[in-house]
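Structure data follow from query.tsv (TSV, C-alpha atoms):
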```tsv
chain	number	residue	atom	x	y	z
A	1	MET	CA	-22.49	-4.28	29.07
A	2	ALA	CA	-21.76	-2.88	25.67
A	3	ALA	CA	-23.60	0.38	25.75
A	4	GLU	CA	-20.69	2.15	24.15
A	5	LYS	CA	-20.27	2.53	20.46
A	6	ILE	CA	-16.77	1.86	19.19
A	7	SER	CA	-14.97	2.44	15.94
A	8	LEU	CA	-15.16	-0.71	13.83
A	9	TYR	CA	-11.84	0.23	12.21
A	10	ASN	CA	-9.96	0.12	15.49
A	11	LEU	CA	-8.76	-3.41	16.12
A	12	ALA	CA	-7.68	-2.65	19.71
A	13	ASP	CA	-11.16	-1.30	20.51
A	14	LEU	CA	-12.78	-4.38	19.01
A	15	LYS	CA	-10.55	-6.70	20.98
A	16	ASN	CA	-10.93	-4.81	24.27
A	17	THR	CA	-14.71	-4.73	24.00
A	18	ALA	CA	-14.85	-8.45	23.27
A	19	ASP	CA	-12.34	-9.18	26.05
A	20	ASP	CA	-14.50	-7.28	28.53
A	21	ALA	CA	-17.54	-9.27	27.46
A	22	ILE	CA	-15.97	-12.62	28.37
A	23	PRO	CA	-15.85	-12.12	32.17
A	24	ASN	CA	-19.28	-10.54	32.05
A	25	TYR	CA	-20.74	-13.59	30.36
A	26	LEU	CA	-18.85	-16.29	32.24
A	27	ASN	CA	-19.41	-14.69	35.65
A	28	SER	CA	-23.11	-14.48	34.87
A	29	LEU	CA	-23.00	-18.29	34.41
A	30	LYS	CA	-21.69	-18.62	38.01
A	31	PHE	CA	-18.10	-19.14	36.98
A	32	LYS	CA	-15.81	-18.03	39.78
A	33	GLN	CA	-13.21	-15.68	38.33
A	34	THR	CA	-9.61	-15.81	39.59
A	35	HIS	CA	-7.74	-12.53	39.52
A	36	PHE	CA	-4.36	-13.95	40.53
A	37	LEU	CA	-2.54	-13.03	37.29
A	38	SER	CA	-3.74	-9.45	37.16
A	39	ASP	CA	-3.28	-8.99	40.91
A	40	VAL	CA	0.38	-9.94	40.64
A	41	ARG	CA	0.75	-7.59	37.69
A	42	LEU	CA	-0.89	-4.73	39.58
A	43	GLY	CA	1.19	-5.49	42.68
A	44	LEU	CA	4.47	-5.36	40.74
A	45	GLY	CA	3.47	-2.23	38.88
A	46	TYR	CA	2.26	-0.28	41.89
A	47	THR	CA	5.26	-1.28	44.03
A	48	ALA	CA	7.53	0.05	41.29
A	49	PHE	CA	5.48	3.23	41.11
A	50	VAL	CA	5.62	3.77	44.90
A	51	ILE	CA	9.42	3.34	44.86
A	52	CYS	CA	9.64	5.91	42.09
A	53	ALA	CA	7.40	8.34	43.97
A	54	ALA	CA	9.47	7.97	47.13
A	55	CYS	CA	12.65	8.52	45.12
A	56	PHE	CA	11.15	11.65	43.61
A	57	ALA	CA	10.17	12.92	47.07
A	58	TRP	CA	13.57	12.51	48.71
A	59	ASP	CA	15.35	13.83	45.64
A	60	TYR	CA	13.12	16.91	45.64
A	61	LYS	CA	13.42	17.53	49.38
A	62	LEU	CA	17.05	16.63	50.12
A	63	GLY	CA	18.85	17.12	46.82
A	64	PHE	CA	20.92	14.72	44.73
A	65	GLU	CA	24.21	14.49	46.61
A	66	ASP	CA	22.82	13.50	50.01
A	67	THR	CA	20.51	10.80	48.66
A	68	LYS	CA	22.72	9.29	45.97
A	69	ILE	CA	22.94	5.81	47.54
A	70	TYR	CA	19.21	5.57	48.12
A	71	THR	CA	18.54	6.75	44.59
A	72	ALA	CA	20.92	4.10	43.22
A	73	ILE	CA	19.12	1.42	45.23
A	74	ALA	CA	15.74	2.73	44.07
A	75	VAL	CA	16.85	2.70	40.43
A	76	ALA	CA	18.09	-0.90	40.77
A	77	LEU	CA	14.87	-2.01	42.48
A	78	TYR	CA	12.72	-0.22	39.94
A	79	THR	CA	14.61	-1.88	37.08
A	80	LEU	CA	14.15	-5.29	38.72
A	81	LEU	CA	10.44	-4.79	39.35
A	82	ASN	CA	9.84	-3.46	35.86
A	83	GLY	CA	11.76	-6.38	34.43
A	84	ALA	CA	9.67	-8.78	36.49
A	85	LEU	CA	6.51	-7.02	35.32
A	86	THR	CA	7.53	-7.32	31.68
A	87	PHE	CA	8.43	-10.98	32.21
A	88	TRP	CA	5.08	-11.61	33.92
A	89	MET	CA	3.09	-10.03	31.12
A	90	MET	CA	5.06	-11.65	28.30
A	91	PHE	CA	5.67	-15.15	29.63
A	92	VAL	CA	3.10	-15.80	32.34
A	93	GLU	CA	-0.01	-13.78	31.49
A	94	LYS	CA	0.49	-14.06	27.72
A	95	GLY	CA	-2.77	-12.31	26.93
A	96	VAL	CA	-4.98	-14.15	29.42
A	97	VAL	CA	-8.28	-12.30	29.64
A	98	TYR	CA	-10.13	-14.68	31.92
A	99	GLN	CA	-9.31	-17.34	34.45
A	100	GLY	CA	-11.97	-19.01	36.48
A	101	THR	CA	-13.58	-22.15	37.80
A	102	SER	CA	-16.91	-23.48	36.67
A	103	PRO	CA	-19.51	-24.48	39.30
A	104	SER	CA	-18.70	-28.12	38.50
A	105	GLY	CA	-15.00	-27.58	39.19
A	106	GLU	CA	-13.37	-27.30	35.76
A	107	LYS	CA	-10.72	-24.62	35.48
A	108	ILE	CA	-10.91	-22.44	32.41
A	109	THR	CA	-8.31	-20.04	31.00
A	110	VAL	CA	-9.14	-17.80	28.08
A	111	VAL	CA	-6.41	-16.18	25.98
A	112	SER	CA	-7.38	-13.79	23.23
A	113	THR	CA	-5.23	-12.60	20.37
A	114	THR	CA	-5.61	-10.68	17.15
A	115	LYS	CA	-3.31	-10.41	14.17
A	116	LYS	CA	-2.42	-7.13	12.58
A	117	LEU	CA	-4.67	-6.19	9.64
A	118	ASP	CA	-6.87	-9.22	10.27
A	119	PRO	CA	-10.22	-8.54	11.92
A	120	THR	CA	-10.47	-12.00	13.43
A	121	TYR	CA	-10.93	-12.64	17.13
A	122	ARG	CA	-8.82	-15.63	18.11
A	123	LEU	CA	-9.52	-17.38	21.38
A	124	SER	CA	-7.50	-20.14	22.91
A	125	ILE	CA	-9.47	-21.70	25.73
A	126	THR	CA	-7.76	-24.15	28.05
A	127	VAL	CA	-10.11	-26.31	30.07
A	128	THR	CA	-8.66	-28.34	32.93
A	129	ASP	CA	-11.01	-30.88	34.43
A	130	LYS	CA	-10.97	-32.18	37.98
A	131	SER	CA	-8.46	-34.91	37.19
A	132	ALA	CA	-6.02	-32.18	36.06
A	133	LYS	CA	-6.34	-33.22	32.43
A	134	SER	CA	-6.45	-30.20	30.18
A	135	HIS	CA	-7.35	-29.66	26.59
A	136	ILE	CA	-7.19	-26.57	24.45
A	137	ILE	CA	-10.01	-25.27	22.29
A	138	GLU	CA	-9.14	-22.81	19.56
A	139	VAL	CA	-11.83	-20.48	18.25
A	140	ALA	CA	-11.40	-17.90	15.50
A	141	LYS	CA	-14.35	-15.75	14.51
A	142	PRO	CA	-14.51	-12.50	12.56
A	143	PHE	CA	-15.39	-9.52	14.73
A	144	ALA	CA	-18.19	-8.83	12.29
A	145	SER	CA	-20.03	-11.82	13.71
A	146	PHE	CA	-20.72	-10.05	17.01
A	147	PHE	CA	-20.51	-6.34	16.21
A	148	ASP	CA	-23.29	-4.61	14.32
A	149	GLU	CA	-22.50	-2.28	11.44
A	150	SER	CA	-22.70	0.86	13.57
A	151	GLY	CA	-20.16	-0.37	16.12
A	152	TYR	CA	-22.23	-1.81	18.95
A	153	PHE	CA	-21.32	-5.09	20.54
A	154	VAL	CA	-24.06	-7.74	20.26
A	155	ALA	CA	-23.95	-10.19	23.13
A	156	VAL	CA	-26.08	-13.09	21.88
A	157	PRO	CA	-23.98	-14.25	18.90
A	158	PHE	CA	-20.84	-13.76	20.97
A	159	GLN	CA	-22.19	-15.93	23.77
A	160	GLU	CA	-23.33	-18.48	21.21
A	161	ILE	CA	-19.78	-18.74	19.90
A	162	LEU	CA	-18.45	-19.46	23.38
A	163	ALA	CA	-21.24	-21.81	24.43
A	164	THR	CA	-21.03	-23.78	21.17
A	165	ALA	CA	-17.25	-24.12	21.17
A	166	VAL	CA	-16.68	-24.88	24.85
A	167	PRO	CA	-18.71	-27.76	26.32
A	168	VAL	CA	-18.17	-26.50	29.88
A	169	ILE	CA	-19.87	-23.23	28.99
A	170	GLY	CA	-22.45	-24.89	26.81
A	171	LYS	CA	-23.51	-27.15	29.63
A	172	LEU	CA	-24.28	-24.13	31.81
A	173	ASP	CA	-26.03	-22.21	29.07
A	174	PRO	CA	-27.65	-24.72	26.68
A	175	ARG	CA	-29.92	-22.07	25.18
A	176	ARG	CA	-26.90	-20.51	23.51
A	177	ILE	CA	-25.64	-23.68	21.81
A	178	LYS	CA	-25.93	-23.30	18.13
A	179	SER	CA	-25.34	-26.27	15.88
A	180	GLU	CA	-24.26	-26.25	12.29
A	181	SER	CA	-27.47	-27.86	11.21
A	182	GLN	CA	-29.45	-25.16	12.89
A	183	ASP	CA	-27.53	-22.64	10.79
A	184	MET	CA	-28.65	-24.57	7.75
A	185	LEU	CA	-32.24	-24.51	8.95
A	186	ASN	CA	-32.15	-20.77	9.48
A	187	ALA	CA	-30.83	-20.26	5.97
A	188	ASN	CA	-33.45	-22.58	4.53
A	189	PRO	CA	-36.91	-22.00	5.98
A	190	GLU	CA	-38.49	-24.57	3.65
A	191	LEU	CA	-36.25	-27.29	5.06
A	192	LEU	CA	-37.37	-26.35	8.54
A	193	ASP	CA	-41.00	-26.52	7.49
A	194	ALA	CA	-40.41	-29.94	5.97
A	195	ILE	CA	-38.78	-31.23	9.11
A	196	LEU	CA	-41.43	-29.78	11.35
A	197	ALA	CA	-44.12	-31.33	9.23
A	198	ALA	CA	-42.34	-34.68	9.31
A	199	ASN	CA	-41.86	-34.57	13.06
A	200	ASN	CA	-45.23	-33.01	13.74
A	201	GLY	CA	-43.44	-30.29	15.59
A	202	ALA	CA	-42.91	-32.61	18.48
A	203	SER	CA	-39.31	-31.82	19.28
A	204	THR	CA	-36.83	-29.00	19.60
A	205	GLY	CA	-34.67	-27.60	16.87
A	206	VAL	CA	-31.63	-29.75	17.53
A	207	ASP	CA	-33.52	-33.02	17.59
A	208	ALA	CA	-35.55	-32.00	14.60
A	209	SER	CA	-32.49	-31.38	12.52
A	210	GLU	CA	-31.16	-34.81	13.30
A	211	GLY	CA	-34.42	-36.35	12.33
A	212	GLY	CA	-34.44	-34.31	9.17
A	213	LYS	CA	-31.05	-35.48	8.14
A	214	ARG	CA	-31.90	-39.08	8.64
A	215	ARG	CA	-34.98	-38.76	6.50
A	216	LYS	CA	-33.10	-37.01	3.76
A	217	ALA	CA	-30.52	-39.75	3.61
B	1	MET	CA	-12.10	4.07	25.05
B	2	PHE	CA	-13.37	4.07	28.63
B	3	SER	CA	-15.62	1.06	28.24
B	4	GLY	CA	-13.44	-1.10	30.47
B	5	LEU	CA	-13.72	1.21	33.42
B	6	GLN	CA	-16.56	-0.43	35.30
B	7	ASN	CA	-14.16	-3.00	36.68
B	8	PRO	CA	-11.94	-1.63	39.50
B	9	ARG	CA	-9.02	-3.77	38.31
B	10	ASN	CA	-9.28	-2.26	34.85
B	11	ILE	CA	-9.26	1.25	36.32
B	12	ALA	CA	-6.27	0.34	38.47
B	13	ALA	CA	-4.47	-1.12	35.44
B	14	GLN	CA	-5.07	1.98	33.33
B	15	ILE	CA	-3.87	4.32	36.08
B	16	MET	CA	-0.86	2.04	36.57
B	17	ASN	CA	0.04	2.10	32.88
B	18	PHE	CA	-0.09	5.89	32.86
B	19	GLY	CA	1.91	6.09	36.10
B	20	LEU	CA	4.53	3.65	34.81
B	21	VAL	CA	5.13	5.74	31.70
B	22	LEU	CA	5.90	8.77	33.87
B	23	SER	CA	7.89	6.86	36.50
B	24	THR	CA	9.96	4.98	33.92
B	25	ALA	CA	10.97	8.27	32.32
B	26	PHE	CA	11.90	9.66	35.74
B	27	MET	CA	13.83	6.55	36.77
B	28	MET	CA	15.75	6.51	33.47
B	29	TRP	CA	16.78	10.08	34.17
B	30	LYS	CA	17.79	9.16	37.72
B	31	GLY	CA	19.64	6.09	36.48
B	32	LEU	CA	21.61	8.29	34.10
B	33	SER	CA	22.31	10.65	37.01
B	34	ILE	CA	23.66	7.80	39.09
B	35	VAL	CA	25.80	6.39	36.30
B	36	ALA	CA	27.23	9.81	35.42
B	37	ASP	CA	27.33	10.82	39.11
B	38	SER	CA	25.79	14.13	38.16
B	39	PRO	CA	22.56	15.69	39.46
B	40	SER	CA	21.75	16.85	35.93
B	41	PRO	CA	23.44	14.63	33.32
B	42	ILE	CA	21.82	16.36	30.34
B	43	VAL	CA	21.77	20.13	29.92
B	44	VAL	CA	20.81	22.55	27.16
B	45	VAL	CA	23.17	25.37	26.15
B	46	LEU	CA	21.40	28.67	26.78
B	47	SER	CA	23.97	31.23	25.70
B	48	GLY	CA	26.38	31.78	22.85
B	49	SER	CA	29.39	32.18	25.13
B	50	MET	CA	30.91	28.88	23.96
B	51	GLU	CA	30.58	29.49	20.23
B	52	PRO	CA	31.78	28.12	17.91
B	53	ALA	CA	31.96	24.91	19.95
B	54	PHE	CA	28.39	25.01	21.19
B	55	GLN	CA	25.42	27.01	20.02
B	56	ARG	CA	22.23	27.90	21.78
B	57	GLY	CA	20.00	24.85	21.89
B	58	ASP	CA	22.71	22.19	21.80
B	59	LEU	CA	22.07	19.25	24.08
B	60	LEU	CA	25.06	18.26	26.23
B	61	LEU	CA	25.71	14.92	27.89
B	62	LEU	CA	27.72	15.26	31.10
B	63	TRP	CA	30.03	12.91	32.97
B	64	ASN	CA	31.10	13.65	36.51
B	65	ARG	CA	33.33	10.74	37.46
B	66	GLU	CA	37.09	11.08	37.44
B	67	LEU	CA	37.83	7.44	36.75
B	68	PHE	CA	40.97	7.74	34.67
B	69	THR	CA	41.76	11.42	34.37
B	70	GLU	CA	40.97	14.42	36.50
B	71	THR	CA	39.12	17.39	35.15
B	72	SER	CA	41.93	19.41	33.64
B	73	VAL	CA	42.70	22.49	31.58
B	74	GLY	CA	40.90	22.40	28.22
B	75	ASP	CA	37.88	20.40	29.44
B	76	ILE	CA	34.47	21.96	28.99
B	77	VAL	CA	32.61	21.79	32.29
B	78	VAL	CA	29.16	22.72	33.55
B	79	TYR	CA	29.20	24.37	36.94
B	80	ASN	CA	26.81	25.89	39.43
B	81	VAL	CA	27.38	29.17	41.19
B	82	LYS	CA	25.99	29.63	44.69
B	83	ASP	CA	22.62	31.44	44.70
B	84	LYS	CA	22.36	31.32	40.91
B	85	GLU	CA	19.73	29.12	39.35
B	86	ILE	CA	21.22	28.48	35.93
B	87	PRO	CA	24.29	26.28	35.43
B	88	ILE	CA	27.03	27.63	33.16
B	89	VAL	CA	28.93	25.76	30.40
B	90	HIS	CA	32.50	27.01	30.05
B	91	ARG	CA	36.04	25.78	29.47
B	92	VAL	CA	38.61	25.24	32.20
B	93	VAL	CA	41.54	27.55	31.43
B	94	ARG	CA	43.58	27.27	34.61
B	95	LYS	CA	44.00	24.73	37.32
B	96	PHE	CA	45.95	24.83	40.56
B	97	GLY	CA	46.42	21.76	42.73
B	98	HIS	CA	44.96	18.28	42.42
B	99	GLY	CA	41.95	16.24	43.48
B	100	ASP	CA	39.26	17.73	45.68
B	101	LYS	CA	41.44	20.69	46.60
B	102	ALA	CA	42.00	21.78	43.00
B	103	ARG	CA	41.11	25.35	42.15
B	104	LEU	CA	39.74	25.89	38.68
B	105	LEU	CA	39.28	29.01	36.58
B	106	THR	CA	36.88	28.92	33.63
B	107	LYS	CA	36.21	31.08	30.60
B	108	GLY	CA	33.75	31.03	27.74
B	109	ASP	CA	35.45	30.53	24.37
B	110	ASN	CA	33.46	33.41	22.95
B	111	ASN	CA	33.91	35.73	25.95
B	112	VAL	CA	36.61	38.37	26.23
B	113	ALA	CA	37.34	37.88	29.93
B	114	ASP	CA	37.44	34.89	32.27
B	115	ASP	CA	34.55	34.00	34.55
B	116	THR	CA	35.57	35.73	37.80
B	117	GLU	CA	32.78	38.23	37.12
B	118	LEU	CA	30.22	35.43	36.92
B	119	TYR	CA	31.23	33.75	40.19
B	120	ALA	CA	29.57	34.57	43.49
B	121	ARG	CA	30.62	37.68	45.38
B	122	GLY	CA	34.12	37.14	46.81
B	123	GLN	CA	34.65	33.90	44.84
B	124	ASP	CA	37.78	33.83	42.67
B	125	TYR	CA	37.82	30.22	41.57
B	126	LEU	CA	35.74	27.04	41.31
B	127	GLU	CA	36.16	23.95	43.43
B	128	ARG	CA	35.62	20.43	42.23
B	129	SER	CA	32.31	20.24	44.08
B	130	ASP	CA	30.90	23.20	42.13
B	131	ILE	CA	31.17	21.22	38.91
B	132	VAL	CA	28.11	19.30	37.68
B	133	GLY	CA	30.03	17.42	35.00
B	134	SER	CA	32.32	17.57	31.99
B	135	VAL	CA	30.85	17.54	28.52
B	136	VAL	CA	31.45	14.18	26.82
B	137	ALA	CA	28.97	14.32	23.95
B	138	TYR	CA	26.52	16.73	22.40
B	139	VAL	CA	23.58	16.77	20.03
B	140	PRO	CA	23.23	19.98	18.06
B	141	PHE	CA	20.04	22.05	18.25
B	142	VAL	CA	17.76	19.40	19.78
B	143	GLY	CA	17.33	21.39	23.00
B	144	TYR	CA	16.10	24.49	21.22
B	145	VAL	CA	12.50	23.51	21.99
B	146	THR	CA	13.09	24.09	25.70
B	147	ILE	CA	14.60	27.52	24.98
B	148	LEU	CA	11.59	28.45	22.85
B	149	LEU	CA	9.20	27.25	25.54
B	150	SER	CA	10.89	29.26	28.28
B	151	GLU	CA	11.33	32.40	26.16
B	152	TYR	CA	7.87	32.39	24.62
B	153	PRO	CA	5.51	31.20	27.38
B	154	TRP	CA	2.51	31.43	25.05
B	155	LEU	CA	3.95	28.46	23.17
B	156	LYS	CA	3.26	26.30	26.24
B	157	THR	CA	-0.38	27.33	26.13
B	158	ALA	CA	-0.51	26.66	22.40
B	159	MET	CA	1.07	23.21	22.83
B	160	LEU	CA	-1.31	22.31	25.63
B	161	GLY	CA	-4.20	23.45	23.44
B	162	ILE	CA	-3.06	21.32	20.49
B	163	MET	CA	-2.55	18.30	22.73
B	164	GLY	CA	-5.99	18.75	24.30
B	165	LEU	CA	-7.54	19.06	20.84
B	166	MET	CA	-5.86	15.85	19.72
B	167	VAL	CA	-7.19	13.98	22.75
B	168	VAL	CA	-10.69	15.23	21.99
B	169	LEU	CA	-10.39	14.34	18.29
B	170	GLN	CA	-8.98	10.89	18.95
B	171	ARG	CA	-11.67	9.84	21.37
B	172	GLU	CA	-14.39	9.46	18.78
```
Final structure tokens representation of the file:
Amino acid sequence: MAAEKISLYNLADLKNTADDAIPNYLNSLKFKQTHFLSDVRLGLGYTAFVICAACFAWDYKLGFEDTKIYTAIAVALYTLLNGALTFWMMFVEKGVVYQGTSPSGEKITVVSTTKKLDPTYRLSITVTDKSAKSHIIEVAKPFASFFDESGYFVAVPFQEILATAVPVIGKLDPRRIKSESQDMLNANPELLDAILAANNGASTGVDASEGGKRRKA
Amino acid sequence: MFSGLQNPRNIAAQIMNFGLVLSTAFMMWKGLSIVADSPSPIVVVLSGSMEPAFQRGDLLLLWNRELFTETSVGDIVVYNVKDKEIPIVHRVVRKFGHGDKARLLTKGDNNVADDTELYARGQDYLERSDIVGSVVAYVPFVGYVTILLSEYPWLKTAMLGIMGLMVVLQRE
């Protein structure tokens, strides 16, 4: 998935690599990806390109004077299609990197953005459940949390971010859910030992932390 | 840089982006052609025959519609001569008749004689249809790059080399 090393100083590279990782991860969880947005974009773009190629061909073969009307029509069509393409990308796609449906039927739309000079990956995840009610989850994490220092993408922390923030994803991949208290446990091995001793190691990390908290209070 | 290429849609999108850059440039040129009604709405002056008005390397913007006034004596026009590749930029010095039937004689400001020598064999005058457009605006010197590239072909090789080097350097 992320075999390639990228430059950590290139924000576009960071964003593109992370964007590519989202479909990889979600599709591996049996999400069904919808390509409608990008297919429309590709359709508009390639139609415009074909018109331009045809215009070039008749202009080259028959000269300018004889094909003036067709060229004028081609220019008008090209302008329209390119305008539609720009409109589609700016107002409809708006940076959508993933659209899909979970096995249980929720629709999910992931938009990613970055701000100039700010190495933070910002995700806006819209989840629409079966009753067409939607809510938006905003996630902002520094790229440093899922890229190692030499520029390789690390999948596990990235997947943990998604699974923890979005319940629909977390439900399908519970192993990747990471709670705040577990962070605390990792930072504090003694606390973990204390909890494990108190619980006799009978339960998993999440339950143990709850138990631990109660005891401390 | 090429990490997104496993997905066919990503490949298609990257090819499309590259294609659209080229095609948009071409269609802008064609759009200008249509608006100016000229097969070549921008030309570069190649000779000094119109000095001091135009020097080698000046970029000329042409207009080939006779909306309000006809091409008349004193206008600087670009015209093509049958069987000659390169269009010529010269001033109209005489005109007989009107409209499509008008006969035009041209001369370079810096030339001693008129252009009858430059016309095709047996041709004594220009017709309206020979004209590619009248000069309406110019940008000094900008077109000199194209003159350099055509006069010193090794420059093309050098430019290609530099561009290739930059691609290689940028990748990693």
Open item on the list: One number please: atom CA of Asp39 of chain A to atom CA of Ala18 of chain A, in Å, one decimal.
Closed with: 21.1 Å
Open item on the list: Select, as an MDAnalysis selection string, those residues of chain A with any atom no more than 7 Å from chain B (distances computed using only C-alpha atoms).
Closed with: chainID A and resid 4 20 42 45:46 49 52 64 72 75
- [ ] Could you tell me how far atom CA of Ala74 of chain A lies from atom CA of Gly43 of chain A, in Å and to one decimal?
- [x] 16.8 Å
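Atom pair atom CA of Asn64 of chain B / atom CA of Ser134 of chain B: separated by 6.1 Å.
Every protein or nucleic acid residue with an atom no more than 8 Å from segment 66-83 of chain B, counting all atoms listed in the file and leaving out same-chain residues fewer than 5 positions away, appears here: Ile88, Val89, His90, Arg91, Val92, Val93, Arg94, Lys95, Gly99, Tyr119, Ala120, Asp130, Ile131, Val132, Gly133, Ser134 and Val135 of chain B.
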- [ ] Name the closest residue to Leu29 of chain A among the candidates A:Ala197, A:Leu172, A:Ala163, A:Leu117; distances are taken between atoms, counting only C-alpha atoms.
- [x]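 With only C-alpha atoms as the atom set, the closest residue is A:Leu172.
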- [ ] Write out as a list of chain:residue names the residues lying within 8 Å of segment 124-130 of chain A, counting all atoms listed in the file and excluding same-chain residues fewer than 4 positions away.
- [x] A:Gly105, A:Glu106, A:Lys107, A:Ile108, A:Thr109, A:Val110, A:Val111, A:Ser112, A:Ser134, A:His135, A:Ile136, A:Ile137, A:Glu138, A:Val139, A:Val166
Can you put all heavy atoms back into segment 9-16 of chain B and show it as a CSV table (one decimal), keeping the file's coordinate frame?
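Heads up, here's the output in selection_0.csv:
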```csv
chain,number,residue,atom,x,y,z
B,9,ARG,N,-10.4,-3.3,38.7
B,9,ARG,CA,-9.0,-3.8,38.3
B,9,ARG,C,-8.6,-3.1,37.0
B,9,ARG,O,-7.5,-2.8,36.8
B,9,ARG,CB,-9.0,-5.3,38.2
B,9,ARG,CG,-8.8,-6.0,39.5
B,9,ARG,CD,-8.5,-7.4,39.4
B,9,ARG,NE,-8.3,-8.0,40.7
B,9,ARG,CZ,-9.2,-8.3,41.5
B,9,ARG,NH1,-10.5,-8.1,41.2
B,9,ARG,NH2,-9.0,-8.8,42.7
B,10,ASN,N,-9.6,-2.9,36.1
B,10,ASN,CA,-9.3,-2.3,34.8
B,10,ASN,C,-8.9,-0.8,35.1
B,10,ASN,O,-8.0,-0.3,34.5
B,10,ASN,CB,-10.5,-2.3,33.9
B,10,ASN,CG,-10.6,-3.7,33.3
B,10,ASN,OD1,-9.8,-4.6,33.6
B,10,ASN,ND2,-11.6,-3.9,32.5
B,11,ILE,N,-9.6,-0.1,36.0
B,11,ILE,CA,-9.3,1.2,36.3
B,11,ILE,C,-7.9,1.3,36.9
B,11,ILE,O,-7.0,2.1,36.4
B,11,ILE,CB,-10.2,1.9,37.4
B,11,ILE,CG1,-11.7,1.7,36.9
B,11,ILE,CG2,-9.9,3.3,37.6
B,11,ILE,CD1,-12.7,2.1,38.0
B,12,ALA,N,-7.6,0.4,37.8
B,12,ALA,CA,-6.3,0.3,38.5
B,12,ALA,C,-5.2,0.1,37.4
B,12,ALA,O,-4.1,0.7,37.5
B,12,ALA,CB,-6.2,-0.7,39.5
B,13,ALA,N,-5.5,-0.8,36.5
B,13,ALA,CA,-4.5,-1.1,35.4
B,13,ALA,C,-4.2,0.1,34.5
B,13,ALA,O,-3.1,0.4,34.2
B,13,ALA,CB,-4.9,-2.3,34.6
B,14,GLN,N,-5.3,0.8,34.2
B,14,GLN,CA,-5.1,2.0,33.3
B,14,GLN,C,-4.3,3.1,34.0
B,14,GLN,O,-3.4,3.7,33.4
B,14,GLN,CB,-6.4,2.5,32.9
B,14,GLN,CG,-7.1,1.6,31.9
B,14,GLN,CD,-7.9,2.3,30.8
B,14,GLN,OE1,-8.2,3.5,30.9
B,14,GLN,NE2,-8.3,1.6,29.8
B,15,ILE,N,-4.6,3.3,35.3
B,15,ILE,CA,-3.9,4.3,36.1
B,15,ILE,C,-2.4,3.9,36.2
B,15,ILE,O,-1.5,4.7,36.0
B,15,ILE,CB,-4.5,4.5,37.5
B,15,ILE,CG1,-5.9,5.1,37.3
B,15,ILE,CG2,-3.6,5.4,38.3
B,15,ILE,CD1,-6.7,5.2,38.6
B,16,MET,N,-2.2,2.6,36.4
B,16,MET,CA,-0.9,2.0,36.6
B,16,MET,C,-0.1,2.2,35.3
B,16,MET,O,1.1,2.7,35.3
B,16,MET,CB,-0.9,0.6,36.9
B,16,MET,CG,0.4,-0.1,37.2
B,16,MET,SD,0.3,-1.8,37.5
B,16,MET,CE,0.5,-2.4,35.8
```
